[in-house]
Amino acid sequence: MNNQADRIIIFDTTLRDGEQCPGATLNIEEKLVIAKQLSRLGVDVIEAGFAFASPGDFAAVSKIAETVGLPEGPIICSLARAKQDDIKTAAAAIKPAAKGRIHTFIATSDIHLQYKLKKTRPEVVSIARDMVAYARSFTNDVEFSPEDAGRSDPEFLYEVLTEVIAAGATTVNIPDTVGYTTPGEFGNLIRGIKENVPNINQAIISVHGHNDLGLAVANFLEAVKNGARQLECTINGIGERAGNAALEELVMGLHVRRQYFNPFFGRPADSEAPLTNIDTRQIYKTSRLVSNLTGMLVQPNKAIVGANAFAHESGIHQDGVLKNKLTYEIMDAQLIGLTDNQIVLGKHSGRNAFRSRLKELGFELSENDLNRAFIRFKDVADKKKEISDWDLEAIVNDEIKQVPDLFKVELVQVSCGSNAKPTATVTLRTPDGQELTDAAIGTGPVDAVYKAINRVVNVPNDLIEFSVQSVTAGIDALGEVTIRLRYESRVFSGHAANTDIIVASAQAYVNALNRLYAAINQKTTQEVTA
Ligand code: KIV
Ligand code: ZN
């Protein structure tokens, strides 16, 4: 990758900034599954975590570096504050990767300098310069971010950027940390950097932005027109507060409107050469994987990956689309892999057919995971005649979810109806192997099941979100239940798929309780503040 990129570099931060949103916490195995899928998607850089934040973060970055950071794979990056210990830890974590990057940052806005860092501008310049040079002693690939650049004095920003590039930064990332800027302002900021930082040609300009005003993607596209060549984004736009710029929106915006963007890359407007390296047919699958594992649901009207993004409800639209898709569709659902939902297997399908279809779908499971997934598949196939690719994905995502199996649902039995008091009996296997049964009455069958589970587990919590979605159409469809619960100030999510939505509800709840239970029993991680 040279410093004058003639295409867009996609830097995915789902596993770092994305994972920072409440309840999206992933364990190491889940992060690895996502990292592998990001690699199949074709992202150029994976920001795998913030290695210094905790031993768990370090282990995840290191494992991803070892497994996904192959010579032909993506660059693996760790975030680090502009502090020696952070940088040294990041360097150790990315070491196993064929291509590793350290991403170091310090704030540059007066608000952050005065209230958070309590440092002067010259002090910040000197820390930034020294820490970039220190990071360069570990790797040739160093990215620097002036945090809160969107609210920083541009003249001070030019000074900091000039210094860090001279010290060896190969990418300078401009974050709109609080999602404050508008597209025109952000584009001008990038143009100003191009025009006023004398050594800017020695670094790639990157952008990072949050969606507090819903403008992150628009800001980025304006930045691209003004010279930004790396975009930092997350799948489904997950991230701090209102989230980050959504990868799928940026990639499809650049793809569908490439005739508009081509000239900004010095290409003829009608050039068909892609502007990113992303395999767009992997987008939908990646979106579902991230949503399932993080418990962050995708709103139905979400651009590109929402359930309604390709649906035409109004009669006028349907009529037009039937006559010619171009009337109301600007992109084909196939482009994002949405229509590759073939009916592939049934209850007579054997292990080999199951294994080879999973392989075609990009799942490489260990023998153990494959066995578990096959048992689940047979169980579902007994109830549901035809198993589609999406069903397979739901089954496998459920089985590979590596939530510690502390409590396990052994039995769920409900009685409910129009003139009945909804009653549930639940048996859970406890962490020490006992089977405990309890029963409860609720306002409905799910409420009764949850009350019965609470009587067994006995960890006070508030259920803050409960949602059921069907994987495919049809009365025998798999139901996916996603829940979020709050314990003190922390949010935990749970997810499960089953043809019986009451059973799925019980499993999703126990899944979230297992995360909660594991978290409260874990040693407290290092406190890290920026
Ligand atoms: O939003 C932000 O400023 C960040 C930086 C660490 C790049 O996430
Ligand atoms: Zn951020």
# chains A, B, ... in the order shown; residues from 1 in each chain; ligands from 1

$ residues_around --residues "Ala90 (chain A)" --least-positions-apart "6" --cutoff "10 Å" --atoms "only C-alpha atoms" --output "MDAnalysis selection string"
chainID A and resid 49:53 58 61:62 77:81 84 100:104 135 138

$ residues_near_ligand --ligand "ligand 2" --cutoff "10 Å" --atoms "only C-alpha atoms and all ligand atoms" --output "ChimeraX atom specification"
/A:13,16-18,20,147-148,175-179,208-211,232-233,239-241,243-245

$ residues_around --residues "Gly42 (chain A)" --least-positions-apart "6" --cutoff "9 Å" --atoms "only C-alpha atoms" --output "PyMOL selection string"
chain A and resi 10+73-74+276-280+282

$ closest_residue --among "A:Arg490, A:Lys116, A:Lys31, A:His495" --to "Ser291 (chain A)" --atoms "only C-alpha atoms"
A:His495

$ closest_residue --among "A:Leu15, A:Val468, A:Ala506, A:Leu516" --to "Lys36 (chain A)" --atoms "only C-alpha atoms"
A:Leu15

$ select_by_dssp --residues "region 142-220 of chain A" --states "helix (DSSP H, G or I)" --output "MDAnalysis selection string"
chainID A and resid 149:151 154:166 183:196 200:202 216:220

$ atom_distance --atom1 "CA of Gly184 (chain A)" --atom2 "CA of Lys225 (chain A)"
10.8 Å

$ atom_distance --atom1 "CA of Pro154 (chain A)" --atom2 "CA of Ala133 (chain A)"
22.9 Å

$ closest_residue --among "A:Arg515, A:Lys63, A:Arg151, A:Arg129" --to "ligand 1" --atoms "only C-alpha atoms and all ligand atoms"
A:Arg151

$ select_by_dssp --residues "region 82-111 of chain A" --states "strand (DSSP E)" --output "ChimeraX atom specification"
/A:100-107

$ closest_residue --among "A:Tyr450, A:Tyr517, A:Trp390, A:Tyr487" --to "Gln413 (chain A)" --atoms "only C-alpha atoms"
A:Tyr450

$ closest_residue --among "A:Val207, A:Ile8, A:Ile94, A:Ile87" --to "ligand 1" --atoms "only C-alpha atoms and all ligand atoms"
A:Val207

$ closest_atom_pairs --of "region 186-295 of chain A" --to "region 313-337 of chain A" --cutoff "12 Å" --atoms "only C-alpha atoms" --output "JSON lines"
{"residue": "A:Glu248", "atom": "CA", "partner": "A:Ile336", "partner_atom": "CA", "distance": 8.8}
{"residue": "A:Glu249", "atom": "CA", "partner": "A:Ile336", "partner_atom": "CA", "distance": 11.0}
{"residue": "A:Val251", "atom": "CA", "partner": "A:Ile336", "partner_atom": "CA", "distance": 10.4}
{"residue": "A:Met252", "atom": "CA", "partner": "A:Ile336", "partner_atom": "CA", "distance": 8.7}
{"residue": "A:Gly253", "atom": "CA", "partner": "A:Met331", "partner_atom": "CA", "distance": 10.2}
{"residue": "A:His255", "atom": "CA", "partner": "A:Met331", "partner_atom": "CA", "distance": 9.6}
{"residue": "A:Val256", "atom": "CA", "partner": "A:Met331", "partner_atom": "CA", "distance": 6.9}
{"residue": "A:Arg257", "atom": "CA", "partner": "A:Ile330", "partner_atom": "CA", "distance": 9.6}
{"residue": "A:Ile278", "atom": "CA", "partner": "A:Ile336", "partner_atom": "CA", "distance": 10.5}
{"residue": "A:Asp279", "atom": "CA", "partner": "A:Ile336", "partner_atom": "CA", "distance": 8.5}
{"residue": "A:Thr280", "atom": "CA", "partner": "A:Ile336", "partner_atom": "CA", "distance": 5.1}
{"residue": "A:Arg281", "atom": "CA", "partner": "A:Gly337", "partner_atom": "CA", "distance": 4.1}
{"residue": "A:Gln282", "atom": "CA", "partner": "A:Gly337", "partner_atom": "CA", "distance": 5.9}
{"residue": "A:Ile283", "atom": "CA", "partner": "A:Ile336", "partner_atom": "CA", "distance": 5.2}
{"residue": "A:Tyr284", "atom": "CA", "partner": "A:Ile336", "partner_atom": "CA", "distance": 5.6}
{"residue": "A:Lys285", "atom": "CA", "partner": "A:Gly337", "partner_atom": "CA", "distance": 7.2}
{"residue": "A:Thr286", "atom": "CA", "partner": "A:Gly337", "partner_atom": "CA", "distance": 9.9}
{"residue": "A:Ser287", "atom": "CA", "partner": "A:Ile336", "partner_atom": "CA", "distance": 10.1}
{"residue": "A:Arg288", "atom": "CA", "partner": "A:Gly337", "partner_atom": "CA", "distance": 11.4}

$ closest_residue --among "A:Ala518, A:Val344, A:Gly444, A:Met296" --to "Pro22 (chain A)" --atoms "only C-alpha atoms"
A:Met296

$ residues_around --residues "region 226-229 of chain A" --least-positions-apart "5" --cutoff "7 Å" --atoms "only C-alpha atoms" --output "PyMOL selection string"
chain A and resi 5+7-9+187+190-191+204-207

$ write_last_selection --atoms "N, CA and C atoms" --output "compact mmCIF listing (two decimals), in the first residue's frame"
# COMPACT_ATOMS: atom_id res chain seq x y z
N ALA A 5 -2.69 6.35 -2.27
CA ALA A 5 -3.67 5.33 -2.64
C ALA A 5 -4.61 5.84 -3.72
N ARG A 7 -7.28 4.20 -4.53
CA ARG A 7 -8.60 3.62 -4.21
C ARG A 7 -8.82 3.85 -2.73
N ILE A 8 -9.99 3.42 -2.25
CA ILE A 8 -10.31 3.61 -0.83
C ILE A 8 -9.85 2.40 -0.01
N ILE A 9 -9.16 2.69 1.08
CA ILE A 9 -8.73 1.66 2.02
C ILE A 9 -9.84 1.55 3.08
N GLY A 187 -15.45 18.22 4.76
CA GLY A 187 -14.73 18.22 3.47
C GLY A 187 -13.69 19.34 3.45
N ILE A 190 -10.59 18.49 5.50
CA ILE A 190 -9.66 17.59 4.79
C ILE A 190 -8.90 18.37 3.71
N ARG A 191 -9.64 19.24 3.00
CA ARG A 191 -8.95 20.03 1.97
C ARG A 191 -7.89 20.92 2.61
N ILE A 204 -1.17 8.67 4.29
CA ILE A 204 -2.55 8.52 3.81
C ILE A 204 -3.45 9.33 4.73
N ILE A 205 -4.41 10.04 4.17
CA ILE A 205 -5.39 10.73 5.03
C ILE A 205 -6.57 9.78 5.25
N SER A 206 -6.89 9.60 6.52
CA SER A 206 -7.98 8.71 6.91
C SER A 206 -9.06 9.53 7.62
N VAL A 207 -10.28 9.03 7.65
CA VAL A 207 -11.32 9.71 8.44
C VAL A 207 -12.04 8.72 9.34

$ decode --residues "region 328-375 of chain A" --atoms "N, CA and C atoms" --output "mmCIF file, in the first residue's frame"
data_model
loop_
_atom_site.group_PDB
_atom_site.id
_atom_site.type_symbol
_atom_site.label_atom_id
_atom_site.label_comp_id
_atom_site.auth_asym_id
_atom_site.auth_seq_id
_atom_site.Cartn_x
_atom_site.Cartn_y
_atom_site.Cartn_z
ATOM 1 N N TYR A 328 -37.631 1.571 -9.567
ATOM 2 C CA TYR A 328 -37.520 1.953 -8.152
ATOM 3 C C TYR A 328 -36.324 1.349 -7.434
ATOM 4 N N GLU A 329 -35.446 0.643 -8.174
ATOM 5 C CA GLU A 329 -34.303 0.028 -7.484
ATOM 6 C C GLU A 329 -33.001 0.571 -8.035
ATOM 7 N N ILE A 330 -32.146 1.085 -7.133
ATOM 8 C CA ILE A 330 -30.862 1.618 -7.596
ATOM 9 C C ILE A 330 -29.755 0.586 -7.494
ATOM 10 N N MET A 331 -30.035 -0.535 -6.833
ATOM 11 C CA MET A 331 -29.034 -1.613 -6.786
ATOM 12 C C MET A 331 -29.761 -2.939 -6.641
ATOM 13 N N ASP A 332 -29.097 -3.985 -7.110
ATOM 14 C CA ASP A 332 -29.666 -5.311 -7.090
ATOM 15 C C ASP A 332 -29.369 -5.944 -5.727
ATOM 16 N N ALA A 333 -30.395 -6.591 -5.141
ATOM 17 C CA ALA A 333 -30.198 -7.219 -3.832
ATOM 18 C C ALA A 333 -29.074 -8.259 -3.874
ATOM 19 N N GLN A 334 -28.875 -8.836 -5.061
ATOM 20 C CA GLN A 334 -27.818 -9.843 -5.222
ATOM 21 C C GLN A 334 -26.422 -9.281 -4.922
ATOM 22 N N LEU A 335 -26.270 -7.981 -5.208
ATOM 23 C CA LEU A 335 -24.970 -7.339 -5.012
ATOM 24 C C LEU A 335 -24.471 -7.443 -3.577
ATOM 25 N N ILE A 336 -25.401 -7.458 -2.616
ATOM 26 C CA ILE A 336 -24.966 -7.540 -1.211
ATOM 27 C C ILE A 336 -25.144 -8.959 -0.666
ATOM 28 N N GLY A 337 -25.461 -9.888 -1.575
ATOM 29 C CA GLY A 337 -25.589 -11.299 -1.178
ATOM 30 C C GLY A 337 -26.930 -11.614 -0.562
ATOM 31 N N LEU A 338 -27.921 -10.755 -0.813
ATOM 32 C CA LEU A 338 -29.211 -10.937 -0.141
ATOM 33 C C LEU A 338 -30.049 -12.041 -0.766
ATOM 34 N N THR A 339 -29.876 -12.293 -2.058
ATOM 35 C CA THR A 339 -30.761 -13.273 -2.703
ATOM 36 C C THR A 339 -30.126 -14.652 -2.831
ATOM 37 N N ASP A 340 -28.932 -14.794 -2.274
ATOM 38 C CA ASP A 340 -28.293 -16.112 -2.368
ATOM 39 C C ASP A 340 -28.861 -17.067 -1.318
ATOM 40 N N ASN A 341 -30.184 -17.010 -1.139
ATOM 41 C CA ASN A 341 -30.761 -17.811 -0.073
ATOM 42 C C ASN A 341 -31.372 -19.084 -0.641
ATOM 43 N N GLN A 342 -30.520 -20.025 -1.031
ATOM 44 C CA GLN A 342 -31.040 -21.222 -1.673
ATOM 45 C C GLN A 342 -31.554 -22.215 -0.639
ATOM 46 N N ILE A 343 -32.588 -22.980 -1.089
ATOM 47 C CA ILE A 343 -33.038 -24.090 -0.247
ATOM 48 C C ILE A 343 -32.053 -25.219 -0.530
ATOM 49 N N VAL A 344 -31.314 -25.617 0.457
ATOM 50 C CA VAL A 344 -30.235 -26.547 0.133
ATOM 51 C C VAL A 344 -30.361 -27.919 0.775
ATOM 52 N N LEU A 345 -30.801 -27.956 1.994
ATOM 53 C CA LEU A 345 -30.753 -29.236 2.691
ATOM 54 C C LEU A 345 -32.112 -29.588 3.290
ATOM 55 N N GLY A 346 -32.252 -30.851 3.609
ATOM 56 C CA GLY A 346 -33.478 -31.314 4.262
ATOM 57 C C GLY A 346 -33.115 -32.381 5.272
ATOM 58 N N LYS A 347 -34.188 -33.060 5.818
ATOM 59 C CA LYS A 347 -33.853 -33.953 6.929
ATOM 60 C C LYS A 347 -33.077 -35.189 6.498
ATOM 61 N N HIS A 348 -33.070 -35.474 5.177
ATOM 62 C CA HIS A 348 -32.301 -36.645 4.742
ATOM 63 C C HIS A 348 -30.868 -36.286 4.375
ATOM 64 N N SER A 349 -30.552 -35.014 4.423
ATOM 65 C CA SER A 349 -29.179 -34.621 4.059
ATOM 66 C C SER A 349 -28.196 -35.170 5.097
ATOM 67 N N GLY A 350 -27.088 -35.638 4.600
ATOM 68 C CA GLY A 350 -26.093 -36.248 5.501
ATOM 69 C C GLY A 350 -25.050 -35.246 5.952
ATOM 70 N N ARG A 351 -24.177 -35.759 6.766
ATOM 71 C CA ARG A 351 -23.102 -34.964 7.353
ATOM 72 C C ARG A 351 -22.187 -34.313 6.316
ATOM 73 N N ASN A 352 -21.921 -35.088 5.229
ATOM 74 C CA ASN A 352 -21.004 -34.545 4.227
ATOM 75 C C ASN A 352 -21.612 -33.367 3.494
ATOM 76 N N ALA A 353 -22.907 -33.529 3.147
ATOM 77 C CA ALA A 353 -23.600 -32.436 2.452
ATOM 78 C C ALA A 353 -23.631 -31.207 3.363
ATOM 79 N N PHE A 354 -23.879 -31.454 4.648
ATOM 80 C CA PHE A 354 -23.939 -30.368 5.629
ATOM 81 C C PHE A 354 -22.583 -29.669 5.719
ATOM 82 N N ARG A 355 -21.542 -30.491 5.845
ATOM 83 C CA ARG A 355 -20.197 -29.919 5.980
ATOM 84 C C ARG A 355 -19.809 -29.138 4.716
ATOM 85 N N SER A 356 -20.125 -29.722 3.530
ATOM 86 C CA SER A 356 -19.630 -29.033 2.332
ATOM 87 C C SER A 356 -20.426 -27.758 2.053
ATOM 88 N N ARG A 357 -21.740 -27.745 2.413
ATOM 89 C CA ARG A 357 -22.478 -26.477 2.204
ATOM 90 C C ARG A 357 -21.944 -25.397 3.162
ATOM 91 N N LEU A 358 -21.630 -25.821 4.386
ATOM 92 C CA LEU A 358 -21.084 -24.834 5.335
ATOM 93 C C LEU A 358 -19.766 -24.281 4.813
ATOM 94 N N LYS A 359 -18.980 -25.152 4.199
ATOM 95 C CA LYS A 359 -17.690 -24.717 3.669
ATOM 96 C C LYS A 359 -17.925 -23.682 2.560
ATOM 97 N N GLU A 360 -18.924 -23.996 1.686
ATOM 98 C CA GLU A 360 -19.228 -23.038 0.607
ATOM 99 C C GLU A 360 -19.681 -21.695 1.182
ATOM 100 N N LEU A 361 -20.356 -21.756 2.324
ATOM 101 C CA LEU A 361 -20.825 -20.506 2.945
ATOM 102 C C LEU A 361 -19.707 -19.801 3.720
ATOM 103 N N GLY A 362 -18.549 -20.429 3.765
ATOM 104 C CA GLY A 362 -17.392 -19.778 4.394
ATOM 105 C C GLY A 362 -17.194 -20.146 5.857
ATOM 106 N N PHE A 363 -17.932 -21.155 6.355
ATOM 107 C CA PHE A 363 -17.724 -21.555 7.752
ATOM 108 C C PHE A 363 -16.718 -22.697 7.807
ATOM 109 N N GLU A 364 -15.661 -22.517 8.551
ATOM 110 C CA GLU A 364 -14.733 -23.626 8.767
ATOM 111 C C GLU A 364 -14.799 -23.982 10.239
ATOM 112 N N LEU A 365 -15.527 -25.053 10.538
ATOM 113 C CA LEU A 365 -15.751 -25.386 11.946
ATOM 114 C C LEU A 365 -14.804 -26.479 12.410
ATOM 115 N N SER A 366 -14.490 -26.422 13.675
ATOM 116 C CA SER A 366 -13.705 -27.517 14.255
ATOM 117 C C SER A 366 -14.618 -28.740 14.287
ATOM 118 N N GLU A 367 -14.032 -29.924 14.441
ATOM 119 C CA GLU A 367 -14.811 -31.168 14.451
ATOM 120 C C GLU A 367 -15.884 -31.107 15.541
ATOM 121 N N ASN A 368 -15.513 -30.538 16.682
ATOM 122 C CA ASN A 368 -16.445 -30.420 17.803
ATOM 123 C C ASN A 368 -17.641 -29.537 17.481
ATOM 124 N N ASP A 369 -17.328 -28.336 16.935
ATOM 125 C CA ASP A 369 -18.394 -27.392 16.571
ATOM 126 C C ASP A 369 -19.273 -27.990 15.483
ATOM 127 N N LEU A 370 -18.625 -28.693 14.533
ATOM 128 C CA LEU A 370 -19.385 -29.296 13.436
ATOM 129 C C LEU A 370 -20.361 -30.331 13.995
ATOM 130 N N ASN A 371 -19.900 -31.144 14.930
ATOM 131 C CA ASN A 371 -20.779 -32.160 15.530
ATOM 132 C C ASN A 371 -21.981 -31.510 16.193
ATOM 133 N N ARG A 372 -21.701 -30.451 16.976
ATOM 134 C CA ARG A 372 -22.805 -29.776 17.680
ATOM 135 C C ARG A 372 -23.774 -29.162 16.692
ATOM 136 N N ALA A 373 -23.212 -28.517 15.663
ATOM 137 C CA ALA A 373 -24.069 -27.856 14.673
ATOM 138 C C ALA A 373 -24.890 -28.891 13.907
ATOM 139 N N PHE A 374 -24.297 -30.073 13.644
ATOM 140 C CA PHE A 374 -25.015 -31.100 12.879
ATOM 141 C C PHE A 374 -26.193 -31.641 13.689
ATOM 142 N N ILE A 375 -25.973 -31.823 14.980
ATOM 143 C CA ILE A 375 -27.076 -32.300 15.847
ATOM 144 C C ILE A 375 -28.215 -31.271 15.820
#
